[in-house]
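Asks: Below is structure.csv; it holds CSV, C-alpha atoms.
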chain,number,residue,atom,x,y,z
A,1,MET,CA,0.0,0.0,0.0
A,2,ASN,CA,2.9,2.4,0.7
A,3,ASP,CA,3.3,3.1,-3.1
A,4,LEU,CA,-0.2,4.4,-3.5
A,5,ASP,CA,-0.9,8.0,-4.2
A,6,THR,CA,-3.9,9.9,-2.9
A,7,GLN,CA,-5.9,9.4,-6.1
A,8,ASP,CA,-5.3,5.6,-5.9
A,9,ILE,CA,-6.6,5.7,-2.4
A,10,ARG,CA,-9.7,7.7,-3.4
A,11,ASP,CA,-10.5,5.3,-6.2
A,12,GLY,CA,-10.0,2.2,-4.0
A,13,ILE,CA,-12.1,3.6,-1.1
A,14,ARG,CA,-14.8,4.8,-3.5
A,15,THR,CA,-15.1,1.2,-4.9
A,16,VAL,CA,-15.9,-0.1,-1.4
A,17,CYS,CA,-18.2,2.8,-0.4
A,18,ASP,CA,-20.3,2.5,-3.6
A,19,ARG,CA,-21.4,-0.9,-2.4
A,20,PHE,CA,-23.3,0.8,0.5
A,21,ASP,CA,-25.9,3.3,-0.8
A,22,ASP,CA,-28.2,5.8,0.8
A,23,LYS,CA,-30.8,3.1,1.4
A,24,TYR,CA,-28.3,1.1,3.4
A,25,TRP,CA,-27.3,4.0,5.6
A,26,ARG,CA,-30.9,5.3,5.9
A,27,HIS,CA,-31.8,1.9,7.4
A,28,LYS,CA,-28.8,1.9,9.7
A,29,ASP,CA,-29.7,5.4,10.9
A,30,ALA,CA,-33.4,4.5,11.5
A,31,ALA,CA,-32.6,1.2,13.2
A,32,HIS,CA,-29.7,2.6,15.3
A,33,GLU,CA,-27.7,-0.4,14.0
A,34,PHE,CA,-23.9,-0.4,13.8
A,35,PRO,CA,-22.7,-0.8,10.2
A,36,ARG,CA,-20.7,-4.0,10.7
A,37,GLU,CA,-20.8,-4.9,7.0
A,38,PHE,CA,-19.2,-1.7,6.0
A,39,ARG,CA,-16.5,-1.9,8.6
A,40,THR,CA,-15.7,-5.5,7.6
A,41,ALA,CA,-15.4,-4.5,3.9
A,42,LEU,CA,-12.9,-1.8,4.8
A,43,ALA,CA,-11.0,-4.2,7.0
A,44,ASP,CA,-10.9,-6.8,4.2
A,45,GLY,CA,-9.4,-4.2,1.9
A,46,GLY,CA,-6.6,-3.5,4.5
A,47,TRP,CA,-7.8,0.1,4.9
A,48,LEU,CA,-8.0,0.1,8.7
A,49,GLY,CA,-4.3,0.0,8.9
A,50,ILE,CA,-3.5,2.8,6.4
A,51,THR,CA,-1.2,4.7,8.8
A,52,MET,CA,0.1,1.7,10.7
A,53,PRO,CA,3.7,0.5,10.2
A,54,THR,CA,4.3,-2.0,7.4
A,55,GLU,CA,6.2,-4.3,9.6
A,56,HIS,CA,3.1,-4.8,11.7
A,57,GLY,CA,0.8,-5.3,8.7
A,58,GLY,CA,-0.2,-1.7,8.0
A,59,GLY,CA,0.0,0.5,5.0
A,60,GLY,CA,2.8,2.7,6.2
A,61,LEU,CA,1.3,5.8,4.9
A,62,GLY,CA,0.9,9.3,6.4
A,63,ILE,CA,-2.0,11.4,7.6
A,64,THR,CA,-2.1,13.0,4.2
A,65,HIS,CA,-3.2,9.7,2.7
A,66,ALA,CA,-5.5,8.9,5.7
A,67,ALA,CA,-7.2,12.3,5.1
A,68,ALA,CA,-7.8,11.5,1.5
A,69,MET,CA,-9.3,8.2,2.6
A,70,MET,CA,-11.6,9.8,5.2
A,71,GLN,CA,-12.7,12.6,2.9
A,72,THR,CA,-13.8,10.0,0.3
A,73,ILE,CA,-15.7,8.1,3.0
A,74,GLY,CA,-17.3,11.3,4.1
A,75,GLU,CA,-18.3,12.0,0.5
A,76,SER,CA,-20.1,8.6,0.3
A,77,ALA,CA,-23.7,7.8,1.2
A,78,GLY,CA,-22.7,7.1,4.8
A,79,THR,CA,-21.3,10.6,5.4
A,80,MET,CA,-20.4,11.0,9.1
A,81,ALA,CA,-21.7,7.6,10.3
A,82,ALA,CA,-19.5,5.9,7.8
A,83,CYS,CA,-16.5,7.9,8.9
A,84,SER,CA,-17.2,7.3,12.6
A,85,THR,CA,-17.3,3.6,11.9
A,86,VAL,CA,-13.5,3.6,11.4
A,87,HIS,CA,-12.5,7.1,12.6
A,88,VAL,CA,-10.9,6.0,16.0
A,89,ASN,CA,-9.1,3.1,14.2
A,90,ILE,CA,-7.2,5.7,12.1
A,91,PHE,CA,-6.2,8.4,14.6
A,92,GLY,CA,-6.3,6.7,18.0
A,93,PRO,CA,-3.5,4.2,17.6
A,94,GLN,CA,-1.1,6.9,16.5
A,95,ALA,CA,-0.1,7.2,20.1
A,96,MET,CA,1.0,3.6,20.1
A,97,VAL,CA,2.8,3.9,16.8
A,98,VAL,CA,4.9,6.8,18.0
A,99,HIS,CA,5.3,6.0,21.7
A,100,GLY,CA,4.7,2.3,22.1
A,101,THR,CA,7.4,-0.3,22.7
A,102,GLU,CA,8.2,-2.9,20.0
A,103,GLU,CA,6.5,-5.5,22.1
A,104,GLN,CA,3.3,-3.4,22.4
A,105,LYS,CA,3.3,-2.6,18.7
A,106,THR,CA,3.7,-6.3,17.8
A,107,ALA,CA,0.8,-7.3,20.1
A,108,MET,CA,-1.5,-4.4,19.6
A,109,ILE,CA,-1.3,-3.2,16.0
A,110,PRO,CA,-2.0,-6.3,13.8
A,111,PRO,CA,-5.4,-7.0,15.4
A,112,LEU,CA,-6.3,-3.4,14.7
A,113,VAL,CA,-5.3,-3.6,11.1
A,114,SER,CA,-7.2,-6.8,10.5
A,115,GLY,CA,-10.3,-5.5,12.2
A,116,GLU,CA,-10.2,-8.2,14.9
A,117,ASP,CA,-9.9,-5.5,17.5
A,118,GLN,CA,-12.2,-2.6,17.6
A,119,PRO,CA,-11.1,0.3,19.8
A,120,CYS,CA,-13.0,3.2,21.5
A,121,PHE,CA,-11.6,6.4,22.8
A,122,GLY,CA,-12.0,7.1,26.6
A,123,VAL,CA,-10.8,10.6,27.2
A,124,THR,CA,-13.7,13.1,27.7
A,125,GLU,CA,-15.4,13.3,31.1
A,126,ALA,CA,-18.7,15.0,32.0
A,127,ASP,CA,-17.2,17.2,34.6
A,128,ALA,CA,-14.0,18.0,32.7
A,129,GLY,CA,-15.1,18.6,29.1
A,130,LEU,CA,-12.3,20.2,27.1
A,131,ASP,CA,-10.4,21.0,30.3
A,132,THR,CA,-8.3,17.8,30.3
A,133,SER,CA,-6.5,18.9,33.5
A,134,LYS,CA,-9.7,18.1,35.3
A,135,VAL,CA,-9.8,14.4,34.3
A,136,ALA,CA,-10.7,12.6,37.4
A,137,THR,CA,-10.6,8.9,36.4
A,138,ARG,CA,-8.0,7.5,38.7
A,139,ALA,CA,-5.4,4.8,38.0
A,140,VAL,CA,-3.6,3.5,41.1
A,141,ARG,CA,-0.5,1.4,40.6
A,142,GLN,CA,-0.5,-2.0,42.5
A,143,GLY,CA,2.6,-3.9,41.6
A,144,ASP,CA,2.4,-4.9,37.9
A,145,THR,CA,-1.2,-3.6,37.5
A,146,TYR,CA,-3.2,-0.5,37.8
A,147,LEU,CA,-6.6,-0.3,39.4
A,148,ILE,CA,-8.8,2.2,37.5
A,149,ASN,CA,-12.0,3.8,38.6
A,150,GLY,CA,-14.0,6.7,37.0
A,151,SER,CA,-16.2,7.6,34.1
A,152,LYS,CA,-16.1,8.9,30.6
A,153,ILE,CA,-18.6,10.5,28.2
A,154,TRP,CA,-19.1,10.6,24.4
A,155,THR,CA,-17.2,7.3,24.1
A,156,SER,CA,-18.2,6.4,20.5
A,157,THR,CA,-18.5,2.7,19.5
A,158,ALA,CA,-18.2,1.4,23.1
A,159,GLN,CA,-21.3,-0.7,22.5
A,160,VAL,CA,-19.4,-2.8,20.0
A,161,ALA,CA,-15.7,-2.2,21.0
A,162,ASN,CA,-13.5,-4.7,22.7
A,163,LYS,CA,-10.6,-2.4,23.3
A,164,ILE,CA,-10.3,1.1,24.8
A,165,ILE,CA,-7.7,3.9,24.6
A,166,LEU,CA,-8.0,5.3,28.2
A,167,LEU,CA,-6.7,8.4,29.8
A,168,ALA,CA,-6.5,8.4,33.6
A,169,ARG,CA,-4.8,10.3,36.4
A,170,THR,CA,-1.9,8.4,37.9
A,171,THR,CA,-0.5,11.3,40.0
A,172,PRO,CA,-3.2,13.2,42.0
A,173,ALA,CA,-2.5,16.9,42.8
A,174,GLU,CA,-1.7,17.7,46.4
A,175,PRO,CA,-4.5,19.6,48.3
A,176,GLY,CA,-4.7,23.2,47.1
A,177,GLU,CA,-2.4,22.5,44.2
A,178,ARG,CA,-3.6,23.5,40.7
A,179,LEU,CA,-4.4,20.6,38.5
A,180,THR,CA,-2.4,20.3,35.3
A,181,THR,CA,-2.2,17.9,32.4
A,182,GLU,CA,0.9,16.5,34.1
A,183,GLY,CA,0.3,13.2,35.9
A,184,LEU,CA,-2.1,11.8,33.4
A,185,SER,CA,-1.2,8.4,31.8
A,186,LEU,CA,-2.5,6.7,28.7
A,187,PHE,CA,-3.5,3.0,28.5
A,188,TYR,CA,-4.6,0.7,25.7
A,189,THR,CA,-6.4,-2.2,27.2
A,190,ASP,CA,-9.4,-4.6,27.1
A,191,LEU,CA,-12.9,-3.1,27.5
A,192,ASP,CA,-13.8,-5.5,30.2
A,193,ARG,CA,-17.6,-5.3,30.6
A,194,LYS,CA,-17.5,-7.0,34.0
A,195,HIS,CA,-15.9,-3.7,35.2
A,196,ILE,CA,-17.0,-1.2,32.6
A,197,GLU,CA,-20.7,-0.3,32.3
A,198,VAL,CA,-21.7,1.2,29.0
A,199,LYS,CA,-24.8,3.4,28.6
A,200,GLU,CA,-25.8,4.7,25.2
A,201,ILE,CA,-26.7,8.4,24.7
A,202,ARG,CA,-29.6,9.0,22.4
A,203,LYS,CA,-28.6,11.8,20.1
A,204,MET,CA,-29.6,14.1,17.2
A,205,GLY,CA,-27.8,12.3,14.4
A,206,ARG,CA,-25.3,9.7,13.5
A,207,ALA,CA,-27.6,7.1,15.1
A,208,ALA,CA,-25.9,4.2,13.3
A,209,VAL,CA,-22.8,4.7,15.5
A,210,ASP,CA,-23.3,4.7,19.2
A,211,SER,CA,-22.1,7.3,21.7
A,212,ASN,CA,-21.9,6.4,25.4
A,213,MET,CA,-21.3,7.2,29.0
A,214,ILE,CA,-19.0,4.5,30.5
A,215,PHE,CA,-18.6,3.8,34.2
A,216,ILE,CA,-15.3,2.1,35.3
A,217,ASN,CA,-15.3,0.1,38.5
A,218,ASP,CA,-12.1,-1.6,39.7
A,219,LEU,CA,-10.8,-2.3,36.3
A,220,GLU,CA,-7.4,-4.1,36.5
A,221,VAL,CA,-5.0,-3.0,33.8
A,222,PRO,CA,-1.6,-4.6,33.4
A,223,ALA,CA,1.2,-2.0,33.6
A,224,ALA,CA,2.4,-3.4,30.2
A,225,HIS,CA,-0.8,-1.8,28.7
A,226,ARG,CA,0.4,1.7,29.6
A,227,ILE,CA,1.7,3.6,26.5
A,228,GLY,CA,4.8,5.6,27.2
A,229,PRO,CA,6.1,6.9,30.6
A,230,GLU,CA,3.7,7.3,33.5
A,231,GLY,CA,2.4,10.8,33.8
A,232,ALA,CA,3.1,11.7,30.2
A,233,GLY,CA,-0.2,10.6,28.8
A,234,PHE,CA,-1.5,14.0,27.7
A,235,LYS,CA,1.7,14.8,25.7
A,236,ILE,CA,1.5,11.4,24.1
A,237,LEU,CA,-2.1,11.9,23.3
A,238,LEU,CA,-1.2,14.9,21.2
A,239,ASP,CA,0.1,12.5,18.6
A,240,SER,CA,-3.5,11.4,18.3
A,241,LEU,CA,-5.3,14.7,18.7
A,242,ASN,CA,-3.7,16.7,15.9
A,243,PRO,CA,-4.3,13.9,13.4
A,244,GLU,CA,-7.9,13.7,14.6
A,245,ARG,CA,-8.5,17.3,13.9
A,246,ILE,CA,-7.1,16.9,10.4
A,247,LEU,CA,-9.2,13.8,9.7
A,248,ILE,CA,-12.4,15.2,11.0
A,249,ALA,CA,-11.9,18.3,8.8
A,250,SER,CA,-11.5,15.9,5.9
A,251,GLU,CA,-14.6,14.0,6.8
A,252,ALA,CA,-16.6,17.3,7.0
A,253,ILE,CA,-15.4,18.4,3.6
A,254,GLY,CA,-16.5,15.1,2.2
A,255,ILE,CA,-20.0,15.5,3.7
A,256,GLY,CA,-20.2,19.0,2.4
A,257,ARG,CA,-19.3,17.9,-1.1
A,258,ARG,CA,-21.9,15.2,-1.1
A,259,ALA,CA,-24.5,17.6,0.0
A,260,VAL,CA,-23.6,20.1,-2.7
A,261,SER,CA,-23.6,17.3,-5.3
A,262,LYS,CA,-27.1,16.2,-4.2
A,263,ALA,CA,-28.4,19.8,-4.3
A,264,VAL,CA,-27.0,20.4,-7.8
A,265,ARG,CA,-28.6,17.3,-9.1
A,266,TYR,CA,-32.0,18.2,-7.6
A,267,ALA,CA,-31.7,21.8,-8.9
A,268,LYS,CA,-31.1,20.5,-12.4
A,269,GLU,CA,-34.1,18.2,-12.3
A,270,ARG,CA,-36.7,20.2,-10.3
A,271,VAL,CA,-38.8,22.4,-12.7
A,272,VAL,CA,-40.9,25.2,-11.3
A,273,PHE,CA,-42.4,28.0,-13.4
A,274,ASP,CA,-41.4,26.1,-16.5
A,275,ARG,CA,-37.6,26.0,-15.8
A,276,PRO,CA,-35.2,24.2,-13.6
A,277,ILE,CA,-34.8,25.9,-10.2
A,278,GLY,CA,-31.0,25.7,-10.8
A,279,SER,CA,-31.3,28.5,-13.2
A,280,ASN,CA,-32.2,30.8,-10.4
A,281,GLN,CA,-29.3,32.7,-8.8
A,282,SER,CA,-30.8,32.3,-5.4
A,283,ILE,CA,-30.1,28.6,-5.8
A,284,GLN,CA,-26.9,28.9,-7.8
A,285,HIS,CA,-25.0,31.4,-5.7
A,286,PRO,CA,-25.2,29.7,-2.3
A,287,LEU,CA,-24.1,26.3,-3.8
A,288,ALA,CA,-21.3,28.0,-5.7
A,289,GLU,CA,-20.2,29.7,-2.5
A,290,SER,CA,-20.2,26.4,-0.6
A,291,TRP,CA,-18.1,24.8,-3.4
A,292,MET,CA,-15.5,27.5,-2.9
A,293,GLU,CA,-15.5,27.3,0.9
A,294,LEU,CA,-15.0,23.5,0.7
A,295,GLU,CA,-12.1,23.9,-1.7
A,296,ALA,CA,-10.4,26.5,0.5
A,297,ALA,CA,-10.8,24.2,3.6
A,298,GLN,CA,-9.3,21.4,1.6
A,299,LEU,CA,-6.1,23.4,1.0
A,300,MET,CA,-5.7,23.9,4.8
A,301,VAL,CA,-6.2,20.2,5.4
A,302,ALA,CA,-3.5,19.4,2.9
A,303,HIS,CA,-1.2,22.0,4.6
A,304,ALA,CA,-1.8,20.7,8.1
A,305,ALA,CA,-1.4,17.0,7.1
A,306,GLY,CA,1.8,17.8,5.3
A,307,LEU,CA,3.2,19.5,8.4
A,308,TYR,CA,2.3,16.6,10.6
A,309,ASP,CA,3.8,14.0,8.2
A,310,SER,CA,7.0,16.0,8.1
A,311,GLY,CA,7.2,16.1,11.9
A,312,ALA,CA,6.7,19.8,12.1
A,313,PRO,CA,4.4,21.5,14.6
A,314,CYS,CA,0.9,21.7,13.3
A,315,GLY,CA,-1.4,22.6,16.2
A,316,ALA,CA,-2.6,25.9,14.7
A,317,GLU,CA,-3.0,24.5,11.2
A,318,ALA,CA,-4.8,21.3,12.4
A,319,ASN,CA,-7.3,23.3,14.4
A,320,THR,CA,-7.8,25.8,11.6
A,321,ALA,CA,-8.5,23.0,9.2
A,322,LYS,CA,-11.0,21.5,11.6
A,323,PHE,CA,-12.8,24.9,12.0
A,324,LEU,CA,-12.9,25.7,8.3
A,325,GLY,CA,-13.9,22.2,7.2
A,326,ALA,CA,-16.7,22.0,9.8
A,327,GLU,CA,-18.1,25.4,9.0
A,328,ALA,CA,-18.0,24.9,5.3
A,329,ALA,CA,-19.7,21.5,5.6
A,330,PHE,CA,-22.5,22.8,7.9
A,331,ARG,CA,-23.3,25.6,5.5
A,332,ALA,CA,-23.2,23.3,2.5
A,333,CYS,CA,-25.7,20.9,4.2
A,334,ASP,CA,-28.0,23.7,5.3
A,335,ARG,CA,-28.0,25.1,1.7
A,336,ALA,CA,-28.6,21.6,0.3
A,337,VAL,CA,-31.7,21.2,2.5
A,338,ARG,CA,-33.0,24.6,1.5
A,339,ALA,CA,-32.3,24.0,-2.2
A,340,HIS,CA,-34.6,20.9,-2.0
A,341,GLY,CA,-37.4,23.0,-0.4
A,342,GLY,CA,-39.9,21.0,1.4
A,343,MET,CA,-38.4,17.7,0.1
A,344,GLY,CA,-35.2,18.6,1.9
A,345,TYR,CA,-37.0,17.8,5.1
A,346,ALA,CA,-38.0,14.3,3.8
A,347,ALA,CA,-35.8,11.4,4.8
A,348,GLU,CA,-36.0,9.8,1.4
A,349,TYR,CA,-33.9,12.6,-0.1
A,350,ASP,CA,-31.2,12.1,2.5
A,351,VAL,CA,-30.0,15.7,2.8
A,352,GLU,CA,-31.7,16.0,6.1
A,353,ARG,CA,-29.5,13.1,7.4
A,354,TYR,CA,-26.4,14.8,6.1
A,355,PHE,CA,-27.5,18.0,7.8
A,356,ARG,CA,-27.9,16.3,11.2
A,357,GLU,CA,-24.6,14.6,10.9
A,358,ALA,CA,-22.8,17.7,9.8
A,359,MET,CA,-23.3,19.0,13.3
A,360,VAL,CA,-20.8,16.6,14.7
A,361,PRO,CA,-17.6,18.2,13.3
A,362,ARG,CA,-18.8,21.6,14.5
A,363,ILE,CA,-18.8,20.5,18.2
A,364,ALA,CA,-16.3,17.6,18.3
A,365,PRO,CA,-13.6,16.8,19.1
A,366,VAL,CA,-13.3,20.5,20.0
A,367,SER,CA,-15.8,23.3,19.7
A,368,ARG,CA,-15.5,26.1,17.2
A,369,GLU,CA,-15.3,28.6,20.0
A,370,MET,CA,-12.3,26.8,21.6
A,371,VAL,CA,-10.5,26.7,18.3
A,372,LEU,CA,-11.0,30.5,18.0
A,373,SER,CA,-9.6,30.9,21.5
A,374,TYR,CA,-6.7,28.7,20.6
A,375,ILE,CA,-5.8,30.7,17.6
A,376,ALA,CA,-6.3,34.0,19.4
A,377,GLU,CA,-3.9,32.9,22.2
A,378,ARG,CA,-1.3,30.7,20.5
A,379,VAL,CA,-1.1,32.4,17.1
A,380,LEU,CA,-2.1,36.1,17.7
A,381,GLY,CA,-0.5,36.2,21.2
A,382,LEU,CA,-3.7,37.6,22.9
A,383,PRO,CA,-4.2,37.1,26.6
A,384,ARG,CA,-5.9,33.9,27.7
A,385,SER,CA,-9.7,34.3,28.1
A,386,TYR,CA,-10.4,31.2,30.2
As structure tokens, please, write out the structure in this file.

Replies:
Amino acid sequence: MNDLDTQDIRDGIRTVCDRFDDKYWRHKDAAHEFPREFRTALADGGWLGITMPTEHGGGGLGITHAAAMMQTIGESAGTMAACSTVHVNIFGPQAMVVHGTEEQKTAMIPPLVSGEDQPCFGVTEADAGLDTSKVATRAVRQGDTYLINGSKIWTSTAQVANKIILLARTTPAEPGERLTTEGLSLFYTDLDRKHIEVKEIRKMGRAAVDSNMIFINDLEVPAAHRIGPEGAGFKILLDSLNPERILIASEAIGIGRRAVSKAVRYAKERVVFDRPIGSNQSIQHPLAESWMELEAAQLMVAHAAGLYDSGAPCGAEANTAKFLGAEAAFRACDRAVRAHGGMGYAAEYDVERYFREAMVPRIAPVSREMVLSYIAERVLGLPRSY
């Protein structure tokens, strides 16, 4: 796979995605049913390991290639649900790839590539939100194991996952001491349902892929499942977080492009007052503007991914790509619904599903407002506002 260019990737992924049409995804959304068939098809094609090392069965490619893959999936009938089926498989294990020992990589990566293992991402907590320093899930060292207790929220795919990437505090702050991201450790371990209760959150969209609260009670985790040094978990996690922002930007752009394509097709076919509605500038101009916004966001994705793959700092660029991609996708889906008029509200035309799912990249994995604050502080040098 490591000799593929991005167009080869787009063509290969499109071949898989085309087997799963709007009808398939409409059913999965209505039934709240995980799209196992789709995930299996991607695993069979070797796509789940696109960024994993070749010596462990992966494709050995970079985030630039993974972004092309995820954008193509986003542009398919499954939009965000299809992306979320495999999203954590692509960005989450980056922490293991960069910081794991050879023994860990040998044991952990091949089952991820084959699809035998399905991970979920246990970082966010209800009382911490984006303030990772407030993570309260506690991991206490007991010889060669850690005993972990706590809870997480918005843990996607936990209903079907058998593994979890888990952030927990191994060094508590002294009384009166300000909490920081120091003292957090990262684990990759079994999602043991005897000690982890999973409760699904009913939500606005992306119903085919579950989101959950999880409650961890006396989970024993071998010390060998800790990734990197104890207490360095947040810094290690950054090797997953920046790629995640780049990938979700790519996914959003894919969704926006599909929405525009659907709207254009409808605008050509729908005749009112003896002419196609697409001849009206009130239809043309918003769709043309969305096309330009999506193209501009794509350039920032390419820039951020190139920086990451070269080993250069990319925090500002990754966050900017996420912001621009999410905003462009949301506007494109809104315009697609309105271009369809009343039928845009009907499930059979699918743009209402795209619109619901386009909300996800606006608020996750980081809100648009936090991205603006990040750029204001880190790039413009303005005082911190929170």

Asks: What separation in Å, quoted to one decimal, exists between CA of Gly12 in chain A and CA of Leu61 in chain A?

Replies: 14.8 Å

Asks: Looking at all atoms listed in the file, which of A:His87, A:Arg257, A:Arg270, A:Lys194 is the one that sits closest to Ala329 in chain A?

Replies: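 Of the candidates, the smallest distance to Ala329 in chain A is held by A:Arg257.
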
Asks: Between A:His65, A:Pro276, A:Ala128, A:Glu174, single out the one closest to Ala305 in chain A, counting only C-alpha atoms.

Replies: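 Among the listed residues, the smallest separation from Ala305 in chain A belongs to A:His65.
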
Asks: For Tyr349 in chain A, work out the shell of residues within 12 Å, counting only C-alpha atoms and skipping chain neighbours fewer than 5 positions away, then give it as a ChimeraX atom specification.

Replies: /A:22-23,26,77,259,262-263,265-266,336-337,339-344,354-355

Asks: For the selection just defined, write its residues with C-alpha atoms to a file, as a PDB file, in the frame of the given file.

Replies:
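What follows is the written file result.pdb:
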ATOM      1  CA  ASP A  22     -28.200   5.800   0.800  1.00  0.00           C
ATOM      2  CA  LYS A  23     -30.800   3.100   1.400  1.00  0.00           C
ATOM      3  CA  ARG A  26     -30.900   5.300   5.900  1.00  0.00           C
ATOM      4  CA  ALA A  77     -23.700   7.800   1.200  1.00  0.00           C
ATOM      5  CA  ALA A 259     -24.500  17.600   0.000  1.00  0.00           C
ATOM      6  CA  LYS A 262     -27.100  16.200  -4.200  1.00  0.00           C
ATOM      7  CA  ALA A 263     -28.400  19.800  -4.300  1.00  0.00           C
ATOM      8  CA  ARG A 265     -28.600  17.300  -9.100  1.00  0.00           C
ATOM      9  CA  TYR A 266     -32.000  18.200  -7.600  1.00  0.00           C
ATOM     10  CA  ALA A 336     -28.600  21.600   0.300  1.00  0.00           C
ATOM     11  CA  VAL A 337     -31.700  21.200   2.500  1.00  0.00           C
ATOM     12  CA  ALA A 339     -32.300  24.000  -2.200  1.00  0.00           C
ATOM     13  CA  HIS A 340     -34.600  20.900  -2.000  1.00  0.00           C
ATOM     14  CA  GLY A 341     -37.400  23.000  -0.400  1.00  0.00           C
ATOM     15  CA  GLY A 342     -39.900  21.000   1.400  1.00  0.00           C
ATOM     16  CA  MET A 343     -38.400  17.700   0.100  1.00  0.00           C
ATOM     17  CA  GLY A 344     -35.200  18.600   1.900  1.00  0.00           C
ATOM     18  CA  TYR A 354     -26.400  14.800   6.100  1.00  0.00           C
ATOM     19  CA  PHE A 355     -27.500  18.000   7.800  1.00  0.00           C
TER      20      PHE A 355
END

Asks: With only C-alpha atoms as the atoms that count, which of A:Phe323, A:Tyr308, A:Phe187, A:Tyr386 lies nearest to Thr145 in chain A?

Replies: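 When distances to Thr145 in chain A are compared using only C-alpha atoms, the smallest one comes from A:Phe187.
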
Asks: Report, in Å to a single decimal, how far apart CA of Thr72 in chain A and CA of Arg19 in chain A are.

Replies: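 Between CA of Arg19 in chain A and CA of Thr72 in chain A the gap works out to 13.6 Å.
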
Asks: So how many Å separate CA of Glu244 in chain A and CA of His27 in chain A, to one decimal?

Replies: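 So the answer is 27.6 Å.
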
Asks: What lies within 10 Å of Ile201 in chain A using only C-alpha atoms, ignoring chain neighbours under 3 positions off, as a VMD selection string?

Replies: chain A and resid 153 to 156 198 204 207 210 to 213

Asks: Nearest residue to Met300 in chain A out of A:Ala223, A:Ala41, A:Val135, A:Cys314, using all atoms listed in the file?

Replies: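 Smallest separation from Met300 in chain A among the options: A:Cys314.
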